[in-house]
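Enquirer: Below is a structure I'd like to ask you about.
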Amino acid sequence: MADDTRVDDDAPSEGNPFAAMDPEMAAHPQPLFAALRDSVPVMPVEGVGVGVVVTRRAEIEEIFRDPATFSSNMSAVDLKNVRPLIPLQIDPPDHKKYRKILDPVFAPREMALIAEPVTALANELIDQFIDRDGIDFAREFSVPFPSLVFLTLLGLPLDELPRFIEMKDGIIRPDQVTGTPYGSDTTNEYQRKTAESIYEYFEEVLDEREADRRTDLLSRFLEIEVEGQKLARTEILDICFLFLIAGLDTVTATLDCMFAYLAQHPTQRRRLVDDPALIPAAVEEMLRWETPVLGVARVATRETTLAGCPIHAGDQVSIILSSANTDPTEFAAPDDVDFDRQPNRHLAFGGGVHRCLGSHLARQELRIALREWHRRIPDYSVAPGHTLVYTPAIRSIDHFPMVFNRRVDQ
Ligand code: HEM
């Protein structure tokens with residue numbers, strides 16, 4: 001593809017190719033990606049760093065199969081961390097040794113063990129508002145729920161919630177916190193300061209755990225060994241930093257997307273209320289359709305081509321998972337949200353070696369949240385007259401007024 005097709009995007013959105021996305025597009029991105037798949041499946045772009053946007057399933061799978069060419073190193077995404085986040089910004093072969101120790105910690109069997117406390121946390125939140133006529137879903141449920149689960153897993157006090165939220169927002173959404181454009185000096189500085197505070201926070205907590213071992217995740221990190229050696233303090237910090245970035249907003253955004261969909265599709269919602277056994281399949285199908293983490297980033301390590309488009313060493317590669325999840329070469333009737341879809345090989349958790357480490361934890365949280373919520377609050381809708389606004393890239397809905405139409409008290 002010739003260089004003159006490069007799209008110039010001079011919006012103040014450096015570092016986030018989707019920050020300038022039109023709100024209508026952020027709410028319903030699928031038609032845009034269908035058009036790109038059919039016209040420029042590998043689209044050169046400038047303005048957010050030179051690179052390409054990849055929308056077809058075939059090329060996306062090709063990228064995931066070749067992490068040596070399409071690296072996840074620190075220049076793929078700049079989060080102002082001072083060392084690579086583990087395991088996200090580590091390429092093979094070192095990546096494997098970390099997944100070997102972390103995968104068992106987040107395996108389905110381990111996640112089944114936390115079903116009871118996660119169910120209790122969901123119900124404690126619901127208890128706080130079930131007697132009211134409605135809530136702001138984001139503020140009162142989708143934001144606190146994953147952070148509370150995480151605090152529980154790490155063995156930290158639940159009253160650390162505001163601090164946790166402040167730290168992850170300072171890295172992921174410094175534009176919203178500071179009211180200045182993403183990529184500006186102000187947001188860069190804010191992210192840098194937040195990053196420092198995250199390292200300091202976990203340093204302190206790890207000091208405490210060194211002195212007083214327990215059964216929580218942090219204590220486990222102090223014990224586990226990689227190739228016969230304990231993890232270094234810096235390695236544990238780099239894992240904790242990533243968890244804060246990867247494990248909270250993603251679940252919040254997924255809850256926002258799913259509850260917004262169900263609030264606006266009462267027939268589909270009724271199916272879940274009547275038959276909770278359908279929830280696991282519905283979670284997968286809504287993950288596919290909504291793809292709350294719209295895309296992931298890589299950086300090319302050498303000259304290559306994708307679908308005939310030249311890629312140069314150092315080019316940014318934006319992989320549109322949302323597009324892979326509605327590609328008709330993989331999914332029949334991709335625009336139908338079909339809770340009975342089988343098979344459902346969606347890429348909402350990414351693909352290849354960096355496929356989401358926390359997918360079983362996420363599934364556990366989502367299934368429990370949907371089950372407990374619909375058991376207790378089966379009928380709800382978006383507050384009349386309100387238009388939901390989705391954030392770009394990670395599709396959360398910061399302000400989600402919801403009204404309860406009928407309540408079943410437990
Ligand atoms: C529904 C919620 C979630 C979604 C949609 C999601 C999505 C993703 C995606 C798309 C990736 C791939 C990133 C890439 O290829 O660059 C990823 C990686 C990752 N996720 Fe998640 N995630 C979710 C929840 C979680 C949770 C709860 C955790 C907590 C442990 C977590 C931890 C991670 C980690 C550590 C990685 C990096 C894995 C690696 O590089 O080997 N995620 N996630």
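Note on naming: chains are A, B, ... as they come in the structure tokens, residues start from 1 per chain, ligands start from 1 in the order shown.
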Could you pull out the residues sitting within 7 Å of ligand 1, using only C-alpha atoms and all ligand atoms, and write them as a PyMOL selection string?

Expert: chain A and resi 72+86-89+95+99+242-243+246-248+250-251+254+291-293+295-297+348-351+353-359+361-363

Enquirer: Would you pick out the contacts of Met43 in chain A at 7 Å or less, using only C-alpha atoms, so that residues sharing its chain but fewer than 4 positions from it are not included, and give the list as a list in words?

Expert: Val52, Val53 and Val54 of chain A

Enquirer: Going by DSSP on the backbone, which residues of range 154-315 of chain A come out as strand (DSSP E or B)? List them as JSON, numbers by chain.

Expert: {"A": [225, 226, 229, 230, 293, 295, 296, 297, 298, 299, 300, 304, 305, 306, 309, 310, 311]}

Enquirer: Can those selected residues be exported to a file as a short mmCIF file (atom, residue, chain, number, x, y, z; two decimals), in the first residue's frame so that it contains all heavy atoms?

Expert:
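Printed below is again33.cif as written:
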data_model
loop_
_atom_site.label_atom_id
_atom_site.label_comp_id
_atom_site.auth_asym_id
_atom_site.auth_seq_id
_atom_site.Cartn_x
_atom_site.Cartn_y
_atom_site.Cartn_z
N GLU A 225 8.77 -19.60 42.69
CA GLU A 225 10.11 -19.57 42.10
C GLU A 225 10.03 -19.71 40.58
O GLU A 225 9.16 -20.41 40.07
CB GLU A 225 10.93 -20.74 42.66
CG GLU A 225 11.20 -20.58 44.14
CD GLU A 225 12.10 -21.67 44.69
OE1 GLU A 225 12.43 -22.61 43.93
OE2 GLU A 225 12.47 -21.56 45.87
N VAL A 226 10.92 -19.03 39.88
CA VAL A 226 11.07 -19.20 38.44
C VAL A 226 12.41 -19.88 38.22
O VAL A 226 13.44 -19.33 38.63
CB VAL A 226 11.14 -17.84 37.70
CG1 VAL A 226 11.01 -18.03 36.20
CG2 VAL A 226 10.15 -16.86 38.23
N GLN A 229 14.56 -20.04 41.16
CA GLN A 229 14.89 -18.78 41.87
C GLN A 229 13.62 -18.03 42.23
O GLN A 229 12.69 -17.96 41.42
CB GLN A 229 15.71 -17.90 40.94
CG GLN A 229 17.17 -18.24 40.93
CD GLN A 229 17.99 -17.07 40.46
OE1 GLN A 229 17.67 -16.48 39.45
NE2 GLN A 229 19.04 -16.73 41.20
N LYS A 230 13.63 -17.46 43.42
CA LYS A 230 12.47 -16.64 43.83
C LYS A 230 12.38 -15.41 42.93
O LYS A 230 13.40 -14.95 42.40
CB LYS A 230 12.65 -16.20 45.28
CG LYS A 230 12.45 -17.33 46.25
CD LYS A 230 11.76 -16.84 47.51
CE LYS A 230 11.18 -18.03 48.24
NZ LYS A 230 11.58 -18.14 49.60
N VAL A 293 -12.41 -4.47 25.29
CA VAL A 293 -11.05 -4.01 24.96
C VAL A 293 -10.97 -4.05 23.44
O VAL A 293 -10.74 -5.09 22.83
CB VAL A 293 -9.97 -4.90 25.61
CG1 VAL A 293 -8.57 -4.45 25.19
CG2 VAL A 293 -10.09 -4.86 27.13
N GLY A 295 -8.99 -3.00 21.12
CA GLY A 295 -7.81 -3.40 20.37
C GLY A 295 -6.59 -3.51 21.26
O GLY A 295 -6.61 -3.10 22.42
N VAL A 296 -5.53 -4.11 20.72
CA VAL A 296 -4.25 -4.21 21.43
C VAL A 296 -3.14 -3.74 20.49
O VAL A 296 -3.35 -3.62 19.29
CB VAL A 296 -3.98 -5.65 21.94
CG1 VAL A 296 -4.99 -6.04 23.00
CG2 VAL A 296 -3.99 -6.66 20.80
N ALA A 297 -1.95 -3.48 21.08
CA ALA A 297 -0.89 -2.86 20.29
C ALA A 297 0.35 -3.74 20.21
O ALA A 297 0.66 -4.48 21.14
CB ALA A 297 -0.52 -1.53 20.94
N ARG A 298 1.02 -3.65 19.09
CA ARG A 298 2.33 -4.29 18.92
C ARG A 298 3.25 -3.31 18.21
O ARG A 298 2.80 -2.31 17.64
CB ARG A 298 2.21 -5.56 18.04
CG ARG A 298 1.34 -6.65 18.62
CD ARG A 298 1.98 -7.32 19.84
NE ARG A 298 1.17 -8.43 20.34
CZ ARG A 298 0.24 -8.34 21.29
NH1 ARG A 298 -0.02 -7.15 21.85
NH2 ARG A 298 -0.42 -9.40 21.69
N VAL A 299 4.56 -3.61 18.23
CA VAL A 299 5.50 -2.80 17.47
C VAL A 299 6.31 -3.76 16.59
O VAL A 299 6.73 -4.84 17.05
CB VAL A 299 6.37 -1.94 18.41
CG1 VAL A 299 7.20 -2.77 19.35
CG2 VAL A 299 7.25 -0.99 17.64
N ALA A 300 6.48 -3.38 15.30
CA ALA A 300 7.20 -4.27 14.37
C ALA A 300 8.69 -4.23 14.67
O ALA A 300 9.26 -3.16 14.91
CB ALA A 300 6.93 -3.85 12.93
N THR A 304 8.45 -6.07 7.06
CA THR A 304 7.63 -7.21 6.65
C THR A 304 6.43 -6.67 5.87
O THR A 304 6.35 -5.47 5.61
CB THR A 304 7.19 -8.05 7.88
OG1 THR A 304 6.47 -9.20 7.42
CG2 THR A 304 6.32 -7.28 8.85
N THR A 305 5.52 -7.54 5.50
CA THR A 305 4.28 -7.07 4.87
C THR A 305 3.11 -7.80 5.52
O THR A 305 3.26 -8.92 6.02
CB THR A 305 4.24 -7.36 3.35
OG1 THR A 305 4.41 -8.77 3.18
CG2 THR A 305 5.30 -6.60 2.58
N LEU A 306 1.96 -7.14 5.50
CA LEU A 306 0.72 -7.77 5.96
C LEU A 306 -0.33 -7.48 4.90
O LEU A 306 -0.54 -6.30 4.58
CB LEU A 306 0.25 -7.14 7.27
CG LEU A 306 0.64 -7.75 8.61
CD1 LEU A 306 0.03 -6.93 9.73
CD2 LEU A 306 0.25 -9.22 8.74
N CYS A 309 0.67 -4.94 2.51
CA CYS A 309 1.01 -3.59 2.98
C CYS A 309 2.40 -3.62 3.64
O CYS A 309 2.62 -4.43 4.55
CB CYS A 309 -0.04 -3.13 3.98
SG CYS A 309 0.31 -1.52 4.69
N PRO A 310 3.32 -2.77 3.19
CA PRO A 310 4.65 -2.79 3.83
C PRO A 310 4.61 -2.29 5.27
O PRO A 310 3.91 -1.33 5.58
CB PRO A 310 5.48 -1.83 2.96
CG PRO A 310 4.54 -1.12 2.08
CD PRO A 310 3.22 -1.77 2.11
N ILE A 311 5.33 -2.99 6.12
CA ILE A 311 5.45 -2.59 7.53
C ILE A 311 6.95 -2.41 7.79
O ILE A 311 7.75 -3.26 7.37
CB ILE A 311 4.91 -3.68 8.46
CG1 ILE A 311 3.55 -4.17 7.98
CG2 ILE A 311 4.94 -3.26 9.92
CD1 ILE A 311 2.42 -4.07 8.87
#

Enquirer: Per DSSP on the backbone, what are the helix (DSSP H, G or I) residues of range 111-195 of chain A, as a PyMOL selection string?

Expert: chain A and resi 111-112+115-129+137-142+144-154+158-172+174-178+185-195

Enquirer: Given the choices A:Arg271, A:Arg288, A:Arg209, A:Arg57, which gets closest to Cys257 in chain A if the distance is worked out from only C-alpha atoms?

Expert: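 Of A:Arg271, A:Arg288, A:Arg209, A:Arg57, the one nearest Cys257 in chain A is A:Arg288, counting only C-alpha atoms.
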
Enquirer: Need to verify the contact set: Asn81 in chain A, 10 Å, only C-alpha atoms, exclusion of same-chain residues closer than 5 positions in sequence. Can you return it as a list of chain:residue names?

Expert: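 My list of contacting residues is A:Met74, A:Ile171, A:Gln191, A:Arg192, A:Thr194, A:Ala195, A:Glu196, A:Ile198, A:Tyr199, A:Asp238, A:Phe241, A:Leu242.
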
Enquirer: Let's have the selection written as a CSV table (one decimal), in the first residue's frame, with all heavy atoms.

Expert:
chain,number,residue,atom,x,y,z
A,74,MET,N,8.1,-2.5,25.5
A,74,MET,CA,7.7,-1.2,26.1
A,74,MET,C,7.3,-0.2,25.1
A,74,MET,O,6.5,0.7,25.4
A,74,MET,CB,8.7,-0.7,27.0
A,74,MET,CG,8.6,-1.3,28.4
A,74,MET,SD,9.9,-0.8,29.5
A,74,MET,CE,9.3,0.7,30.2
A,171,ILE,N,-3.2,6.2,35.6
A,171,ILE,CA,-2.5,5.6,34.4
A,171,ILE,C,-3.3,5.5,33.2
A,171,ILE,O,-3.0,5.9,32.1
A,171,ILE,CB,-1.9,4.2,34.8
A,171,ILE,CG1,-0.9,4.3,36.0
A,171,ILE,CG2,-1.3,3.6,33.6
A,171,ILE,CD1,0.4,5.0,35.6
A,191,GLN,N,0.7,10.8,34.7
A,191,GLN,CA,0.9,9.3,34.6
A,191,GLN,C,2.2,9.0,35.3
A,191,GLN,O,2.3,8.0,36.0
A,191,GLN,CB,1.0,8.9,33.2
A,191,GLN,CG,-0.4,8.7,32.5
A,191,GLN,CD,-0.3,8.3,31.1
A,191,GLN,OE1,0.5,8.9,30.3
A,191,GLN,NE2,-1.0,7.3,30.7
A,192,ARG,N,3.3,9.8,35.1
A,192,ARG,CA,4.6,9.5,35.7
A,192,ARG,C,4.5,9.5,37.2
A,192,ARG,O,5.0,8.6,37.9
A,192,ARG,CB,5.6,10.5,35.2
A,192,ARG,CG,6.8,9.9,34.6
A,192,ARG,CD,7.7,10.9,34.0
A,192,ARG,NE,7.5,11.0,32.5
A,192,ARG,CZ,7.2,12.0,31.8
A,192,ARG,NH1,7.0,13.2,32.4
A,192,ARG,NH2,7.0,11.9,30.5
A,194,THR,N,1.8,9.1,39.0
A,194,THR,CA,1.0,8.0,39.5
A,194,THR,C,1.8,6.7,39.4
A,194,THR,O,1.7,5.9,40.4
A,194,THR,CB,-0.3,7.8,38.6
A,194,THR,OG1,-1.0,9.1,38.5
A,194,THR,CG2,-1.2,6.8,39.1
A,195,ALA,N,2.6,6.5,38.4
A,195,ALA,CA,3.4,5.3,38.3
A,195,ALA,C,4.3,5.2,39.5
A,195,ALA,O,4.4,4.1,40.1
A,195,ALA,CB,4.2,5.3,37.0
A,196,GLU,N,5.0,6.3,39.8
A,196,GLU,CA,5.8,6.3,41.0
A,196,GLU,C,5.1,5.9,42.3
A,196,GLU,O,5.5,5.1,43.1
A,196,GLU,CB,6.3,7.7,41.3
A,196,GLU,CG,7.7,8.0,40.7
A,196,GLU,CD,8.0,9.5,40.8
A,196,GLU,OE1,7.7,10.1,41.9
A,196,GLU,OE2,8.5,10.1,39.9
A,198,ILE,N,2.5,4.1,42.4
A,198,ILE,CA,2.1,2.6,42.4
A,198,ILE,C,3.3,1.8,42.9
A,198,ILE,O,3.1,0.9,43.7
A,198,ILE,CB,1.7,2.2,41.0
A,198,ILE,CG1,0.4,2.9,40.6
A,198,ILE,CG2,1.5,0.7,40.9
A,198,ILE,CD1,-0.1,2.7,39.2
A,199,TYR,N,4.5,2.1,42.4
A,199,TYR,CA,5.6,1.3,42.8
A,199,TYR,C,5.8,1.5,44.4
A,199,TYR,O,6.0,0.5,45.1
A,199,TYR,CB,6.9,1.8,42.2
A,199,TYR,CG,7.0,1.5,40.7
A,199,TYR,CD1,7.2,2.5,39.7
A,199,TYR,CD2,7.0,0.2,40.2
A,199,TYR,CE1,7.2,2.2,38.4
A,199,TYR,CE2,7.1,-0.1,38.9
A,199,TYR,CZ,7.2,0.9,37.9
A,199,TYR,OH,7.3,0.6,36.6
A,238,ASP,N,6.6,-5.3,39.1
A,238,ASP,CA,6.2,-5.2,37.7
A,238,ASP,C,4.9,-6.0,37.4
A,238,ASP,O,4.2,-5.7,36.5
A,238,ASP,CB,7.3,-5.5,36.8
A,238,ASP,CG,8.5,-4.6,37.0
A,238,ASP,OD1,8.3,-3.5,37.5
A,238,ASP,OD2,9.7,-5.0,36.8
A,241,PHE,N,2.0,-4.0,39.2
A,241,PHE,CA,1.6,-2.8,38.4
A,241,PHE,C,0.7,-3.2,37.2
A,241,PHE,O,-0.3,-2.6,37.0
A,241,PHE,CB,2.9,-2.1,37.9
A,241,PHE,CG,2.8,-0.8,37.3
A,241,PHE,CD1,3.6,0.3,37.8
A,241,PHE,CD2,1.9,-0.5,36.3
A,241,PHE,CE1,3.5,1.6,37.3
A,241,PHE,CE2,1.8,0.8,35.8
A,241,PHE,CZ,2.6,1.8,36.3
A,242,LEU,N,1.1,-4.3,36.6
A,242,LEU,CA,0.3,-4.7,35.4
A,242,LEU,C,-1.1,-5.1,35.9
A,242,LEU,O,-2.1,-4.8,35.2
A,242,LEU,CB,1.0,-5.8,34.7
A,242,LEU,CG,0.1,-6.4,33.5
A,242,LEU,CD1,-0.2,-5.4,32.5
A,242,LEU,CD2,0.8,-7.6,32.9

Enquirer: When distances are computed from only C-alpha atoms, which of A:Ile394, A:Ala260, A:Leu151, A:Leu294 shows the smallest separation from Ala324 in chain A?

Expert: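 Answer, going by the shortest atom-to-atom distance: A:Leu294.
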
Enquirer: From the set A:Asp94, A:Glu285, A:Asp315, A:Asp327, which residue has the shortest atom-to-atom contact distance to Gln342 in chain A, counting only C-alpha atoms?

Expert: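 Result for the nearest residue to Gln342 in chain A: A:Glu285.
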
Enquirer: Residues at most 10 Å from Ile279 in chain A, counting only C-alpha atoms, excluding those fewer than 3 positions away in the same chain, as a VMD selection string?

Expert: chain A and resid 271 to 273 275 to 276 282 to 285 339 366 to 368 370 to 371

Enquirer: Print the selection's residues with N, CA, C and O atoms to a file, as a compact mmCIF listing (two decimals), in the first residue's frame.

Expert:
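Below is the file that was written, result08.txt:
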# COMPACT_ATOMS: atom_id res chain seq x y z
N ARG A 271 -34.33 -13.88 28.90
CA ARG A 271 -33.82 -15.25 28.74
C ARG A 271 -32.86 -15.59 29.89
O ARG A 271 -32.86 -16.71 30.40
N LEU A 272 -32.03 -14.63 30.28
CA LEU A 272 -31.06 -14.89 31.36
C LEU A 272 -31.74 -15.00 32.72
O LEU A 272 -31.35 -15.80 33.56
N VAL A 273 -32.79 -14.16 32.89
CA VAL A 273 -33.54 -14.21 34.16
C VAL A 273 -34.23 -15.57 34.28
O VAL A 273 -34.18 -16.23 35.32
N ASP A 275 -33.50 -18.38 32.68
CA ASP A 275 -32.62 -19.54 32.60
C ASP A 275 -31.16 -19.14 32.89
O ASP A 275 -30.35 -18.97 31.97
N PRO A 276 -30.81 -19.00 34.18
CA PRO A 276 -29.44 -18.56 34.52
C PRO A 276 -28.36 -19.48 33.97
O PRO A 276 -27.21 -19.05 33.84
N ALA A 282 -23.87 -16.61 27.36
CA ALA A 282 -24.24 -15.22 27.06
C ALA A 282 -23.05 -14.29 27.32
O ALA A 282 -22.81 -13.33 26.58
N VAL A 283 -22.28 -14.59 28.37
CA VAL A 283 -21.08 -13.79 28.67
C VAL A 283 -20.12 -13.86 27.48
O VAL A 283 -19.59 -12.84 27.02
N GLU A 284 -19.91 -15.06 26.94
CA GLU A 284 -18.98 -15.20 25.80
C GLU A 284 -19.49 -14.43 24.58
O GLU A 284 -18.73 -13.75 23.90
N GLU A 285 -20.80 -14.52 24.34
CA GLU A 285 -21.35 -13.87 23.15
C GLU A 285 -21.33 -12.34 23.29
O GLU A 285 -21.04 -11.62 22.33
N PHE A 339 -27.06 -15.94 21.89
CA PHE A 339 -26.54 -16.57 23.11
C PHE A 339 -26.31 -18.08 22.92
O PHE A 339 -25.67 -18.71 23.76
N LEU A 366 -17.70 -11.96 35.99
CA LEU A 366 -18.82 -11.57 35.11
C LEU A 366 -20.01 -12.50 35.31
O LEU A 366 -21.16 -12.05 35.41
N ARG A 367 -19.73 -13.80 35.37
CA ARG A 367 -20.85 -14.75 35.52
C ARG A 367 -21.56 -14.54 36.86
O ARG A 367 -22.78 -14.55 36.94
N ILE A 368 -20.77 -14.34 37.91
CA ILE A 368 -21.37 -14.15 39.24
C ILE A 368 -22.16 -12.83 39.27
O ILE A 368 -23.29 -12.78 39.76
N LEU A 370 -23.59 -11.22 36.81
CA LEU A 370 -24.83 -11.34 36.03
C LEU A 370 -25.86 -12.22 36.75
O LEU A 370 -27.05 -11.91 36.78
N ARG A 371 -25.36 -13.30 37.35
CA ARG A 371 -26.29 -14.22 38.02
C ARG A 371 -26.95 -13.56 39.23
O ARG A 371 -28.19 -13.56 39.37

Enquirer: How many Å separate CA of Leu85 in chain A from CA of Glu110 in chain A?

Expert: 23.3 Å

Enquirer: Could you give me, as a PyMOL selection string, the residues within 10 Å of Pro29 in chain A, counting only C-alpha atoms and dropping anything in the same chain fewer than 2 positions from it?

Expert: chain A and resi 21-27+31-34+290-291+294+322-323+392

Enquirer: Could you tell me which of A:Leu262, A:Ile224, A:Asp249, A:His386 comes closest to Lys100 in chain A if we count only C-alpha atoms?

Expert: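 Closest candidate: A:Ile224.
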
Enquirer: Using only C-alpha atoms, determine which residues lie at most 7 Å from range 120-125 of chain A, disregarding the query and same-chain residues fewer than 2 positions distant; provide the list as a PyMOL selection string.

Expert: chain A and resi 116-118+127-128+141+145+369+372

Enquirer: From the set A:Leu388, A:Leu321, A:Ala281, A:Leu158, which residue has the shortest atom-to-atom contact distance to Thr55 in chain A, counting only C-alpha atoms?

Expert: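 The shortest atom-to-atom distance to Thr55 in chain A comes from A:Leu321.
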